Structures are given as structure tokens and as C-alpha cells.
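Structure file protein_17.cif (mmCIF, N, CA and C atoms) follows.
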data_upload
#
loop_
_atom_site.label_atom_id
_atom_site.label_comp_id
_atom_site.auth_asym_id
_atom_site.auth_seq_id
_atom_site.Cartn_x
_atom_site.Cartn_y
_atom_site.Cartn_z
N MET A 164 -17.91 -23.25 -52.10
CA MET A 164 -17.79 -23.92 -50.81
C MET A 164 -18.22 -22.97 -49.71
N SER A 165 -18.89 -23.54 -48.73
CA SER A 165 -19.38 -22.75 -47.60
C SER A 165 -18.90 -23.37 -46.31
N ILE A 166 -18.92 -22.58 -45.25
CA ILE A 166 -18.54 -23.06 -43.93
C ILE A 166 -19.81 -23.14 -43.10
N PHE A 167 -20.08 -24.32 -42.56
CA PHE A 167 -21.27 -24.56 -41.78
C PHE A 167 -20.90 -24.80 -40.32
N ALA A 168 -21.78 -24.40 -39.41
CA ALA A 168 -21.60 -24.66 -37.98
C ALA A 168 -22.53 -25.80 -37.59
N VAL A 169 -21.98 -26.80 -36.91
CA VAL A 169 -22.77 -27.94 -36.46
C VAL A 169 -22.80 -27.93 -34.94
N LYS A 170 -23.99 -27.95 -34.38
CA LYS A 170 -24.17 -27.99 -32.93
C LYS A 170 -23.91 -29.41 -32.45
N THR A 171 -23.14 -29.54 -31.35
CA THR A 171 -22.80 -30.86 -30.81
C THR A 171 -23.17 -30.93 -29.34
N THR A 172 -23.08 -32.12 -28.78
CA THR A 172 -23.21 -32.29 -27.35
C THR A 172 -21.99 -31.65 -26.69
N ALA A 173 -22.19 -31.07 -25.51
CA ALA A 173 -21.08 -30.39 -24.81
C ALA A 173 -19.93 -31.36 -24.59
N SER A 174 -18.72 -30.89 -24.79
CA SER A 174 -17.46 -31.63 -24.60
C SER A 174 -17.28 -32.78 -25.59
N GLN A 175 -18.05 -32.82 -26.65
CA GLN A 175 -17.91 -33.86 -27.66
C GLN A 175 -17.50 -33.29 -29.02
N GLU A 176 -16.96 -32.06 -29.01
CA GLU A 176 -16.62 -31.40 -30.27
C GLU A 176 -15.55 -32.17 -31.03
N ARG A 177 -14.50 -32.57 -30.34
CA ARG A 177 -13.40 -33.30 -31.01
C ARG A 177 -13.87 -34.65 -31.54
N THR A 178 -14.71 -35.33 -30.78
CA THR A 178 -15.23 -36.63 -31.21
C THR A 178 -16.03 -36.48 -32.49
N VAL A 179 -16.91 -35.48 -32.53
CA VAL A 179 -17.73 -35.24 -33.72
C VAL A 179 -16.84 -34.86 -34.90
N ALA A 180 -15.86 -33.98 -34.67
CA ALA A 180 -14.97 -33.57 -35.76
C ALA A 180 -14.19 -34.77 -36.31
N ASP A 181 -13.69 -35.63 -35.42
CA ASP A 181 -12.96 -36.81 -35.87
C ASP A 181 -13.86 -37.76 -36.66
N MET A 182 -15.10 -37.93 -36.22
CA MET A 182 -16.03 -38.82 -36.93
C MET A 182 -16.38 -38.27 -38.31
N ILE A 183 -16.60 -36.97 -38.41
CA ILE A 183 -16.91 -36.36 -39.70
C ILE A 183 -15.71 -36.48 -40.64
N ALA A 184 -14.52 -36.23 -40.12
CA ALA A 184 -13.32 -36.33 -40.95
C ALA A 184 -13.06 -37.76 -41.40
N SER A 185 -13.42 -38.74 -40.57
CA SER A 185 -13.17 -40.14 -40.93
C SER A 185 -14.12 -40.65 -42.01
N LYS A 186 -15.21 -39.93 -42.26
CA LYS A 186 -16.16 -40.35 -43.30
C LYS A 186 -15.57 -40.17 -44.70
N GLU A 187 -14.59 -39.29 -44.86
CA GLU A 187 -13.88 -39.08 -46.11
C GLU A 187 -14.82 -38.85 -47.30
N GLN A 188 -15.72 -37.93 -47.14
CA GLN A 188 -16.60 -37.53 -48.24
C GLN A 188 -15.88 -36.49 -49.09
N GLN A 189 -16.01 -36.59 -50.39
CA GLN A 189 -15.35 -35.63 -51.28
C GLN A 189 -15.95 -34.24 -51.14
N GLU A 190 -17.20 -34.15 -50.74
CA GLU A 190 -17.86 -32.85 -50.60
C GLU A 190 -17.45 -32.11 -49.33
N VAL A 191 -16.85 -32.82 -48.35
CA VAL A 191 -16.38 -32.20 -47.12
C VAL A 191 -14.90 -31.92 -47.27
N HIS A 192 -14.51 -30.65 -47.13
CA HIS A 192 -13.13 -30.24 -47.39
C HIS A 192 -12.31 -30.05 -46.13
N ALA A 193 -12.93 -29.56 -45.05
CA ALA A 193 -12.19 -29.31 -43.81
C ALA A 193 -13.13 -29.36 -42.62
N VAL A 194 -12.57 -29.77 -41.48
CA VAL A 194 -13.32 -29.82 -40.22
C VAL A 194 -12.44 -29.23 -39.14
N ILE A 195 -13.01 -28.34 -38.32
CA ILE A 195 -12.25 -27.76 -37.22
C ILE A 195 -13.13 -27.69 -35.97
N ALA A 196 -12.53 -28.03 -34.84
CA ALA A 196 -13.20 -27.95 -33.54
C ALA A 196 -12.37 -27.06 -32.64
N PRO A 197 -12.52 -25.73 -32.75
CA PRO A 197 -11.68 -24.82 -31.96
C PRO A 197 -11.99 -24.90 -30.47
N ASP A 198 -10.95 -24.77 -29.65
CA ASP A 198 -11.11 -24.82 -28.20
C ASP A 198 -11.95 -23.66 -27.69
N GLN A 199 -11.90 -22.51 -28.36
CA GLN A 199 -12.64 -21.33 -27.91
C GLN A 199 -14.13 -21.43 -28.16
N LEU A 200 -14.55 -22.37 -28.97
CA LEU A 200 -15.94 -22.49 -29.39
C LEU A 200 -16.51 -23.79 -28.83
N THR A 201 -17.24 -23.72 -27.74
CA THR A 201 -17.77 -24.94 -27.13
C THR A 201 -19.10 -25.33 -27.78
N SER A 202 -19.29 -26.61 -27.93
CA SER A 202 -20.50 -27.23 -28.47
C SER A 202 -20.74 -26.97 -29.96
N TYR A 203 -19.69 -26.54 -30.69
CA TYR A 203 -19.83 -26.32 -32.12
C TYR A 203 -18.60 -26.83 -32.86
N VAL A 204 -18.83 -27.30 -34.09
CA VAL A 204 -17.78 -27.73 -35.00
C VAL A 204 -18.01 -26.97 -36.29
N MET A 205 -16.93 -26.45 -36.87
CA MET A 205 -17.02 -25.73 -38.14
C MET A 205 -16.59 -26.67 -39.26
N ILE A 206 -17.40 -26.73 -40.33
CA ILE A 206 -17.14 -27.66 -41.43
C ILE A 206 -17.23 -26.91 -42.75
N GLU A 207 -16.20 -27.08 -43.58
CA GLU A 207 -16.21 -26.52 -44.92
C GLU A 207 -16.69 -27.62 -45.87
N ALA A 208 -17.82 -27.36 -46.52
CA ALA A 208 -18.41 -28.37 -47.40
C ALA A 208 -19.10 -27.68 -48.58
N ASP A 209 -19.44 -28.50 -49.58
CA ASP A 209 -20.09 -27.96 -50.77
C ASP A 209 -21.52 -27.51 -50.48
N ASP A 210 -22.27 -28.33 -49.75
CA ASP A 210 -23.64 -27.95 -49.38
C ASP A 210 -24.07 -28.66 -48.10
N SER A 211 -25.18 -28.23 -47.54
CA SER A 211 -25.63 -28.77 -46.26
C SER A 211 -26.26 -30.16 -46.40
N ALA A 212 -26.66 -30.56 -47.58
CA ALA A 212 -27.26 -31.88 -47.77
C ALA A 212 -26.26 -32.98 -47.44
N VAL A 213 -25.02 -32.77 -47.79
CA VAL A 213 -23.97 -33.75 -47.48
C VAL A 213 -23.83 -33.87 -45.97
N LEU A 214 -23.82 -32.74 -45.27
CA LEU A 214 -23.69 -32.77 -43.81
C LEU A 214 -24.89 -33.46 -43.15
N GLU A 215 -26.07 -33.24 -43.66
CA GLU A 215 -27.25 -33.89 -43.09
C GLU A 215 -27.16 -35.40 -43.20
N ARG A 216 -26.65 -35.90 -44.34
CA ARG A 216 -26.47 -37.35 -44.50
C ARG A 216 -25.44 -37.88 -43.50
N ILE A 217 -24.34 -37.16 -43.35
CA ILE A 217 -23.28 -37.60 -42.44
C ILE A 217 -23.75 -37.54 -40.99
N MET A 218 -24.49 -36.50 -40.64
CA MET A 218 -24.91 -36.32 -39.24
C MET A 218 -25.87 -37.40 -38.76
N ASP A 219 -26.58 -38.03 -39.67
CA ASP A 219 -27.48 -39.12 -39.28
C ASP A 219 -26.70 -40.29 -38.67
N GLU A 220 -25.44 -40.43 -39.02
CA GLU A 220 -24.62 -41.55 -38.55
C GLU A 220 -23.74 -41.20 -37.36
N ILE A 221 -23.72 -39.93 -36.94
CA ILE A 221 -22.83 -39.49 -35.86
C ILE A 221 -23.65 -39.21 -34.62
N PRO A 222 -23.35 -39.90 -33.51
CA PRO A 222 -24.21 -39.81 -32.33
C PRO A 222 -24.27 -38.44 -31.63
N HIS A 223 -23.19 -37.70 -31.53
CA HIS A 223 -23.20 -36.47 -30.74
C HIS A 223 -23.44 -35.21 -31.56
N ALA A 224 -23.64 -35.33 -32.86
CA ALA A 224 -23.97 -34.18 -33.70
C ALA A 224 -25.46 -33.92 -33.58
N ARG A 225 -25.82 -32.69 -33.22
CA ARG A 225 -27.23 -32.37 -32.98
C ARG A 225 -27.93 -31.77 -34.19
N SER A 226 -27.42 -30.64 -34.69
CA SER A 226 -28.09 -29.97 -35.79
C SER A 226 -27.12 -29.05 -36.53
N ILE A 227 -27.54 -28.67 -37.73
CA ILE A 227 -26.77 -27.71 -38.52
C ILE A 227 -27.39 -26.34 -38.27
N ILE A 228 -26.58 -25.37 -37.93
CA ILE A 228 -27.07 -24.01 -37.71
C ILE A 228 -27.42 -23.40 -39.07
N GLN A 229 -28.56 -22.75 -39.15
CA GLN A 229 -29.01 -22.14 -40.40
C GLN A 229 -28.02 -21.09 -40.87
N GLY A 230 -27.78 -21.03 -42.16
CA GLY A 230 -26.88 -20.06 -42.74
C GLY A 230 -25.46 -20.59 -42.83
N THR A 231 -24.60 -19.78 -43.42
CA THR A 231 -23.20 -20.17 -43.58
C THR A 231 -22.31 -19.07 -43.02
N SER A 232 -21.06 -19.42 -42.80
CA SER A 232 -20.06 -18.45 -42.33
C SER A 232 -19.05 -18.22 -43.44
N SER A 233 -18.40 -17.11 -43.36
CA SER A 233 -17.35 -16.82 -44.34
C SER A 233 -16.00 -17.15 -43.71
N MET A 234 -14.97 -17.18 -44.54
CA MET A 234 -13.62 -17.47 -44.06
C MET A 234 -13.14 -16.39 -43.08
N THR A 235 -13.54 -15.15 -43.31
CA THR A 235 -13.10 -14.07 -42.41
C THR A 235 -13.68 -14.24 -41.00
N GLU A 236 -14.84 -14.87 -40.87
CA GLU A 236 -15.45 -15.09 -39.56
C GLU A 236 -14.77 -16.19 -38.76
N VAL A 237 -14.10 -17.13 -39.43
CA VAL A 237 -13.49 -18.25 -38.72
C VAL A 237 -11.96 -18.27 -38.78
N GLU A 238 -11.35 -17.33 -39.50
CA GLU A 238 -9.90 -17.39 -39.65
C GLU A 238 -9.15 -17.14 -38.35
N HIS A 239 -9.75 -16.45 -37.38
CA HIS A 239 -9.07 -16.25 -36.10
C HIS A 239 -8.97 -17.56 -35.30
N PHE A 240 -9.76 -18.56 -35.63
CA PHE A 240 -9.64 -19.88 -34.99
C PHE A 240 -8.45 -20.66 -35.56
N LEU A 241 -7.98 -20.28 -36.73
CA LEU A 241 -6.94 -21.04 -37.41
C LEU A 241 -5.53 -20.72 -36.93
N SER A 242 -5.33 -19.56 -36.33
CA SER A 242 -4.00 -19.21 -35.83
C SER A 242 -3.96 -19.43 -34.32
N PRO A 243 -2.94 -20.13 -33.83
CA PRO A 243 -2.88 -20.42 -32.40
C PRO A 243 -2.58 -19.16 -31.59
N THR A 244 -3.19 -19.07 -30.42
CA THR A 244 -2.92 -17.95 -29.53
C THR A 244 -1.90 -18.39 -28.50
N PRO A 245 -0.99 -17.51 -28.11
CA PRO A 245 0.00 -17.89 -27.11
C PRO A 245 -0.66 -18.15 -25.76
N ASP A 246 -0.10 -19.10 -25.01
CA ASP A 246 -0.64 -19.46 -23.71
C ASP A 246 -0.48 -18.33 -22.69
N VAL A 247 0.45 -17.42 -22.92
CA VAL A 247 0.68 -16.34 -21.97
C VAL A 247 -0.21 -15.13 -22.25
N GLU A 248 -1.08 -15.23 -23.25
CA GLU A 248 -1.99 -14.13 -23.54
C GLU A 248 -2.96 -13.98 -22.38
N GLY A 249 -3.16 -12.77 -21.91
CA GLY A 249 -4.05 -12.53 -20.78
C GLY A 249 -3.35 -12.56 -19.44
N VAL A 250 -2.06 -12.84 -19.43
CA VAL A 250 -1.27 -12.84 -18.20
C VAL A 250 -0.46 -11.56 -18.17
N ALA A 251 -0.46 -10.88 -17.02
CA ALA A 251 0.29 -9.63 -16.89
C ALA A 251 1.27 -9.74 -15.73
N GLU A 252 2.31 -8.95 -15.79
CA GLU A 252 3.28 -8.94 -14.69
C GLU A 252 2.58 -8.49 -13.41
N GLY A 253 2.87 -9.17 -12.33
CA GLY A 253 2.24 -8.87 -11.05
C GLY A 253 1.01 -9.72 -10.77
N ASP A 254 0.51 -10.46 -11.77
CA ASP A 254 -0.65 -11.33 -11.56
C ASP A 254 -0.30 -12.46 -10.59
N ILE A 255 -1.30 -12.88 -9.84
CA ILE A 255 -1.16 -14.04 -8.97
C ILE A 255 -1.66 -15.25 -9.76
N VAL A 256 -0.81 -16.27 -9.85
CA VAL A 256 -1.15 -17.46 -10.63
C VAL A 256 -0.99 -18.70 -9.76
N GLU A 257 -1.59 -19.77 -10.21
CA GLU A 257 -1.40 -21.08 -9.59
C GLU A 257 -0.72 -21.98 -10.60
N LEU A 258 0.30 -22.69 -10.17
CA LEU A 258 0.98 -23.62 -11.05
C LEU A 258 0.15 -24.90 -11.11
N ILE A 259 -0.21 -25.33 -12.32
CA ILE A 259 -1.09 -26.49 -12.46
C ILE A 259 -0.37 -27.72 -12.98
N ALA A 260 0.94 -27.62 -13.19
CA ALA A 260 1.73 -28.77 -13.65
C ALA A 260 3.16 -28.58 -13.21
N GLY A 261 3.91 -29.64 -13.27
CA GLY A 261 5.33 -29.59 -12.93
C GLY A 261 5.59 -29.85 -11.46
N PRO A 262 6.82 -29.69 -11.03
CA PRO A 262 7.19 -30.03 -9.65
C PRO A 262 6.55 -29.11 -8.60
N PHE A 263 6.13 -27.92 -8.99
CA PHE A 263 5.53 -26.98 -8.04
C PHE A 263 4.01 -26.92 -8.18
N GLN A 264 3.42 -27.99 -8.66
CA GLN A 264 1.98 -28.03 -8.89
C GLN A 264 1.22 -27.70 -7.62
N GLY A 265 0.21 -26.82 -7.74
CA GLY A 265 -0.61 -26.42 -6.61
C GLY A 265 -0.09 -25.20 -5.87
N GLU A 266 1.11 -24.75 -6.16
CA GLU A 266 1.70 -23.59 -5.49
C GLU A 266 1.18 -22.30 -6.13
N LYS A 267 1.05 -21.26 -5.29
CA LYS A 267 0.69 -19.94 -5.80
C LYS A 267 1.96 -19.14 -6.00
N ALA A 268 1.93 -18.28 -7.01
CA ALA A 268 3.12 -17.50 -7.34
C ALA A 268 2.70 -16.16 -7.94
N GLN A 269 3.66 -15.25 -7.99
CA GLN A 269 3.43 -13.95 -8.61
C GLN A 269 4.28 -13.86 -9.88
N VAL A 270 3.68 -13.37 -10.96
CA VAL A 270 4.36 -13.27 -12.25
C VAL A 270 5.37 -12.12 -12.18
N GLN A 271 6.62 -12.43 -12.52
CA GLN A 271 7.68 -11.44 -12.52
C GLN A 271 8.02 -10.97 -13.93
N ARG A 272 8.01 -11.91 -14.88
CA ARG A 272 8.42 -11.58 -16.25
C ARG A 272 7.68 -12.52 -17.22
N ILE A 273 7.38 -12.00 -18.40
CA ILE A 273 6.68 -12.78 -19.43
C ILE A 273 7.52 -12.75 -20.70
N ASP A 274 7.78 -13.94 -21.26
CA ASP A 274 8.50 -14.05 -22.53
C ASP A 274 7.52 -14.63 -23.56
N GLU A 275 6.88 -13.73 -24.31
CA GLU A 275 5.87 -14.17 -25.27
C GLU A 275 6.47 -14.95 -26.43
N GLY A 276 7.70 -14.66 -26.79
CA GLY A 276 8.35 -15.36 -27.90
C GLY A 276 8.54 -16.84 -27.60
N LYS A 277 8.92 -17.15 -26.37
CA LYS A 277 9.13 -18.54 -25.97
C LYS A 277 7.90 -19.13 -25.28
N ASP A 278 6.86 -18.31 -25.06
CA ASP A 278 5.65 -18.74 -24.39
C ASP A 278 5.96 -19.23 -22.97
N GLN A 279 6.79 -18.46 -22.27
CA GLN A 279 7.20 -18.81 -20.91
C GLN A 279 6.93 -17.65 -19.96
N VAL A 280 6.76 -18.00 -18.69
CA VAL A 280 6.50 -17.03 -17.64
C VAL A 280 7.48 -17.29 -16.50
N THR A 281 8.10 -16.24 -15.99
CA THR A 281 8.95 -16.37 -14.82
C THR A 281 8.14 -15.92 -13.61
N VAL A 282 8.01 -16.81 -12.62
CA VAL A 282 7.21 -16.52 -11.43
C VAL A 282 8.08 -16.64 -10.19
N GLU A 283 7.58 -16.05 -9.11
CA GLU A 283 8.25 -16.15 -7.82
C GLU A 283 7.25 -16.79 -6.86
N LEU A 284 7.61 -17.92 -6.30
CA LEU A 284 6.71 -18.67 -5.42
C LEU A 284 6.44 -17.88 -4.15
N TYR A 285 5.18 -17.92 -3.67
CA TYR A 285 4.79 -17.21 -2.46
C TYR A 285 5.38 -17.82 -1.20
N GLU A 286 5.28 -19.12 -1.07
CA GLU A 286 5.62 -19.77 0.19
C GLU A 286 7.08 -20.22 0.27
N ALA A 287 7.91 -19.76 -0.64
CA ALA A 287 9.33 -20.11 -0.60
C ALA A 287 10.02 -19.19 0.41
N THR A 288 10.90 -19.77 1.22
CA THR A 288 11.61 -18.96 2.22
C THR A 288 12.60 -18.02 1.55
N VAL A 289 13.22 -18.47 0.47
CA VAL A 289 14.12 -17.63 -0.30
C VAL A 289 13.47 -17.40 -1.66
N PRO A 290 13.25 -16.14 -2.06
CA PRO A 290 12.59 -15.90 -3.35
C PRO A 290 13.47 -16.31 -4.53
N ILE A 291 13.06 -17.38 -5.19
CA ILE A 291 13.79 -17.90 -6.34
C ILE A 291 12.88 -17.79 -7.57
N PRO A 292 13.34 -17.14 -8.62
CA PRO A 292 12.52 -17.09 -9.84
C PRO A 292 12.50 -18.46 -10.53
N VAL A 293 11.31 -18.87 -10.91
CA VAL A 293 11.12 -20.15 -11.58
C VAL A 293 10.47 -19.86 -12.93
N THR A 294 11.05 -20.38 -14.00
CA THR A 294 10.49 -20.19 -15.34
C THR A 294 9.69 -21.43 -15.73
N VAL A 295 8.42 -21.21 -16.11
CA VAL A 295 7.53 -22.31 -16.49
C VAL A 295 6.87 -21.97 -17.83
N ARG A 296 6.36 -22.98 -18.50
CA ARG A 296 5.63 -22.77 -19.76
C ARG A 296 4.30 -22.10 -19.46
N GLY A 297 3.78 -21.40 -20.43
CA GLY A 297 2.53 -20.68 -20.26
C GLY A 297 1.33 -21.57 -20.02
N ASP A 298 1.38 -22.82 -20.49
CA ASP A 298 0.25 -23.73 -20.27
C ASP A 298 0.30 -24.40 -18.90
N GLN A 299 1.31 -24.10 -18.10
CA GLN A 299 1.43 -24.70 -16.77
C GLN A 299 0.94 -23.78 -15.66
N ILE A 300 0.31 -22.66 -16.03
CA ILE A 300 -0.20 -21.74 -15.02
C ILE A 300 -1.67 -21.45 -15.26
N ARG A 301 -2.31 -21.02 -14.20
CA ARG A 301 -3.72 -20.59 -14.28
C ARG A 301 -3.82 -19.29 -13.49
N VAL A 302 -4.33 -18.25 -14.12
CA VAL A 302 -4.48 -16.96 -13.44
C VAL A 302 -5.64 -17.09 -12.47
N LEU A 303 -5.43 -16.70 -11.23
CA LEU A 303 -6.47 -16.78 -10.22
C LEU A 303 -7.45 -15.61 -10.40
N ASP A 304 -8.63 -15.75 -9.82
CA ASP A 304 -9.66 -14.71 -9.92
C ASP A 304 -9.18 -13.42 -9.28
N SER A 305 -9.78 -12.31 -9.72
CA SER A 305 -9.35 -11.01 -9.22
C SER A 305 -9.64 -10.84 -7.74
N ASP A 306 -10.64 -11.54 -7.20
CA ASP A 306 -10.91 -11.42 -5.76
C ASP A 306 -9.86 -12.13 -4.92
N GLU A 307 -9.06 -13.00 -5.51
CA GLU A 307 -8.00 -13.67 -4.77
C GLU A 307 -6.67 -12.92 -4.86
N ARG A 308 -6.62 -11.85 -5.65
CA ARG A 308 -5.39 -11.08 -5.82
C ARG A 308 -5.13 -10.19 -4.64
#
For the structure just supplied, provide its representation as C-alpha cells.
Amino acid sequence: MSIFAVKTTASQERTVADMIASKEQQEVHAVIAPDQLTSYVMIEADDSAVLERIMDEIPHARSIIQGTSSMTEVEHFLSPTPDVEGVAEGDIVELIAGPFQGEKAQVQRIDEGKDQVTVELYEATVPIPVTVRGDQIRVLDSDER
């Protein structure tokens, strides 16, 4: 079995992966559309001929990239990364969800185990620490810090 990369239309990776998985071919073993990899879907299959037949029926699948990948090259896509990765104490963030949506805040504490961040809102008259999930913040650019 080999792992093949299929080029897709931008922002259609999940659609292509779902369509390939719904074909239920015995030669296709796994399909993954990682968020970190735009415009590509990784497919574990017996050979590329099966994929070429399937791709003729799928609208947003463009081409099969020449060559194959090994499991070691794609295994980092299989383990989820915490949402607080890349966030440091003292960073300026914007809350993108919840009751304080749109507010800017400074990171006070990071709990990687629970995937939570404690922030202090900038425009609050009394500094109150607010704990939010890691997916509810966006780190602002360094020029805005």
C-alpha cells in the first residue's frame, strides 16, 4: 500500500475527501484532508490506477502528484495539535468567539493540558482574568503588539 497526494481545488479538500471515501473502493484504505495542508488530500491506496478511475467522477480533484509518500511523512498530520500551540504569555490576542468576541486581550496564563488560555481584557475598567478555550483566540500580528 502506498500513500498518494491528490491536488484539489482550493478550499475543497474536505469535499474531495468525503467523495473519495463515499466511493467505498476496496483498493482505497484511508483518506485524510489535514487542515495544515491546503489544496491536497492524502490517500492510502493499492495503486494509482484506482485513484485515476475515481478522480474522473469527482469534480474538484485535479491531479495525482507523481510518486508516493511514506507513513513517516504523513504521521504528523494524524495527531491533533493543541489550539494553544504558538501562543505565549504576554501575547496580544483577539477573542474571536464567546461573549467577549472582538475584544483585544493580553495572555496571562496558558493551560496546555486543558487547551485553555487565561487572558486579561484591555478595555476593561477593572482587570478581570477570563479563561477561554484555545480555539476562541487569534494571535495578532507582531506589528500590533
### Task
May I have the residues within 6.5 Å of range 169-180 of chain A as a list in words, using only N, CA and C atoms and disregarding those fewer than 4 positions away in the same chain?
Ala184, Ser185, Val194, Ile195, Ala196, Thr201, Ser202, Tyr203, Val204, Met205, Ile206, His223, Ala224, Arg225, Ser226, Ile227 and Ile228 of chain A
## Note on the structure
One residue among A:Glu252, A:Asp219, A:Glu275, A:Glu207 is nearest to Ser165 in chain A when using all atoms listed in the file, and that residue is A:Glu207
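When only C-alpha atoms are used to compute distances to Gln264 in chain A, the closest of the residues A:Ile300, A:Tyr285, A:Ile291, A:Glu238 turns out to be A:Ile300.
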Translate the PyMOL selection byres ((chain A and resi 243-246) around 7) into a concrete residue list for this structure, as a PDB file with N, CA and C atoms, in the frame of the given file.
ATOM      1  N   HIS A 239      -9.750 -16.450 -37.380  1.00  0.00           N
ATOM      2  CA  HIS A 239      -9.070 -16.250 -36.100  1.00  0.00           C
ATOM      3  C   HIS A 239      -8.970 -17.560 -35.300  1.00  0.00           C
ATOM      4  N   PHE A 240      -9.760 -18.560 -35.630  1.00  0.00           N
ATOM      5  CA  PHE A 240      -9.640 -19.880 -34.990  1.00  0.00           C
ATOM      6  C   PHE A 240      -8.450 -20.660 -35.560  1.00  0.00           C
ATOM      7  N   LEU A 241      -7.980 -20.280 -36.730  1.00  0.00           N
ATOM      8  CA  LEU A 241      -6.940 -21.040 -37.410  1.00  0.00           C
ATOM      9  C   LEU A 241      -5.530 -20.720 -36.930  1.00  0.00           C
ATOM     10  N   SER A 242      -5.330 -19.560 -36.330  1.00  0.00           N
ATOM     11  CA  SER A 242      -4.000 -19.210 -35.830  1.00  0.00           C
ATOM     12  C   SER A 242      -3.960 -19.430 -34.320  1.00  0.00           C
ATOM     13  N   VAL A 247       0.450 -17.420 -22.920  1.00  0.00           N
ATOM     14  CA  VAL A 247       0.680 -16.340 -21.970  1.00  0.00           C
ATOM     15  C   VAL A 247      -0.210 -15.130 -22.250  1.00  0.00           C
ATOM     16  N   GLU A 248      -1.080 -15.230 -23.250  1.00  0.00           N
ATOM     17  CA  GLU A 248      -1.990 -14.130 -23.540  1.00  0.00           C
ATOM     18  C   GLU A 248      -2.960 -13.980 -22.380  1.00  0.00           C
ATOM     19  N   GLY A 249      -3.160 -12.770 -21.910  1.00  0.00           N
ATOM     20  CA  GLY A 249      -4.050 -12.530 -20.780  1.00  0.00           C
ATOM     21  C   GLY A 249      -3.350 -12.560 -19.440  1.00  0.00           C
ATOM     22  N   VAL A 250      -2.060 -12.840 -19.430  1.00  0.00           N
ATOM     23  CA  VAL A 250      -1.270 -12.840 -18.200  1.00  0.00           C
ATOM     24  C   VAL A 250      -0.460 -11.560 -18.170  1.00  0.00           C
ATOM     25  N   ASP A 278       6.860 -18.310 -25.060  1.00  0.00           N
ATOM     26  CA  ASP A 278       5.650 -18.740 -24.390  1.00  0.00           C
ATOM     27  C   ASP A 278       5.960 -19.230 -22.970  1.00  0.00           C
ATOM     28  N   ARG A 296       6.360 -22.980 -18.500  1.00  0.00           N
ATOM     29  CA  ARG A 296       5.630 -22.770 -19.760  1.00  0.00           C
ATOM     30  C   ARG A 296       4.300 -22.100 -19.460  1.00  0.00           C
ATOM     31  N   GLY A 297       3.780 -21.400 -20.430  1.00  0.00           N
ATOM     32  CA  GLY A 297       2.530 -20.680 -20.260  1.00  0.00           C
ATOM     33  C   GLY A 297       1.330 -21.570 -20.020  1.00  0.00           C
ATOM     34  N   ASP A 298       1.380 -22.820 -20.490  1.00  0.00           N
ATOM     35  CA  ASP A 298       0.250 -23.730 -20.270  1.00  0.00           C
ATOM     36  C   ASP A 298       0.300 -24.400 -18.900  1.00  0.00           C
TER      37      ASP A 298
END
### Task
Using the chain letters and numbering of this document, enumerate as a ChimeraX atom specification the residues selected by the PyMOL selection byres (((chain A and resi 302 and name CA) around 6) and name CA).
/A:256,301,303
#### Entry: Given the PyMOL selection byres ((chain A and resi 269) around 6.5), the residues it picks as a PyMOL selection string
chain A and resi 253-256+267-268+270-271+281-285
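Taking CA of Glu236 in chain A and CA of Gln188 in chain A as the two end points, the separation is 24.1 Å.
For the atom pair formed by CA of His192 in chain A and CA of Ala208 in chain A, the distance is 5.6 Å, given to one decimal.
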### Query
Quick one: DSSP strand (DSSP E or B) residues in chain A, as a PyMOL selection string?
chain A and resi 165-171+191-195+203-208+224-227+232+255-258+267-274+279-284+292-296+300-302
### Query
If you run DSSP on the backbone, which residues of chain A are alpha helix (DSSP H), as an NGL selection string?
:A and (176-185 or 211-218 or 234-237)
### Task
Identify which of the residues A:Gln229, A:Ala168, A:Thr288, A:Ile221 lies closest to Ile183 in chain A, counting only C-alpha atoms when measuring atom-to-atom distances.
A:Ile221
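For the pair atom N of Leu214 in chain A and atom C of Val191 in chain A, the separation is 9.2 Å.
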Box for range 271-275 of chain A: with edges along x, y and z, all listed atoms inside and 5 Å added on each side, what are the centre and edge lengths in Å to one decimal, as JSON?
{"center_x": 7.2, "center_y": -13.0, "center_z": -19.5, "size_x": 12.6, "size_y": 14.0, "size_z": 23.9}
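Of the residues under consideration (A:Asp181, A:Gly276, A:Asp210, A:Gln299), A:Asp210 shows the shortest atom-to-atom contact distance to Met164 in chain A when counting all atoms listed in the file.
Comparing A:Glu190, A:Glu266, A:Glu257, A:Glu286 by their smallest distance to Asp209 in chain A, the closest is A:Glu190 (using all atoms listed in the file).
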### Message
Let me make sure I understand: among A:Ile166, A:Glu220, A:Arg272, A:Glu215, which one has the smallest atom-to-atom distance to Met182 in chain A if we use only N, CA and C atoms?
### Response
A:Glu220
Output: range 225-234 of chain A of the preceding structure, restricted to N, CA and C atoms, written as a compact mmCIF listing (two decimals), in the first residue's frame.
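Saved result, selection-v8.txt, follows:
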# COMPACT_ATOMS: atom_id res chain seq x y z
N ARG A 225 -8.06 17.48 -8.98
CA ARG A 225 -7.34 17.93 -10.17
C ARG A 225 -6.38 16.89 -10.73
N SER A 226 -5.42 16.44 -9.91
CA SER A 226 -4.42 15.50 -10.42
C SER A 226 -3.78 14.74 -9.27
N ILE A 227 -3.12 13.65 -9.63
CA ILE A 227 -2.36 12.88 -8.66
C ILE A 227 -0.91 13.34 -8.76
N ILE A 228 -0.30 13.67 -7.65
CA ILE A 228 1.09 14.08 -7.64
C ILE A 228 1.97 12.85 -7.88
N GLN A 229 2.96 12.98 -8.74
CA GLN A 229 3.84 11.86 -9.06
C GLN A 229 4.57 11.38 -7.82
N GLY A 230 4.72 10.09 -7.69
CA GLY A 230 5.43 9.49 -6.57
C GLY A 230 4.49 9.18 -5.42
N THR A 231 5.05 8.57 -4.39
CA THR A 231 4.26 8.20 -3.22
C THR A 231 4.93 8.75 -1.97
N SER A 232 4.17 8.78 -0.90
CA SER A 232 4.69 9.21 0.40
C SER A 232 4.74 8.01 1.33
N SER A 233 5.57 8.12 2.33
CA SER A 233 5.63 7.05 3.33
C SER A 233 4.81 7.47 4.54
N MET A 234 4.56 6.52 5.42
CA MET A 234 3.79 6.80 6.63
C MET A 234 4.51 7.82 7.52
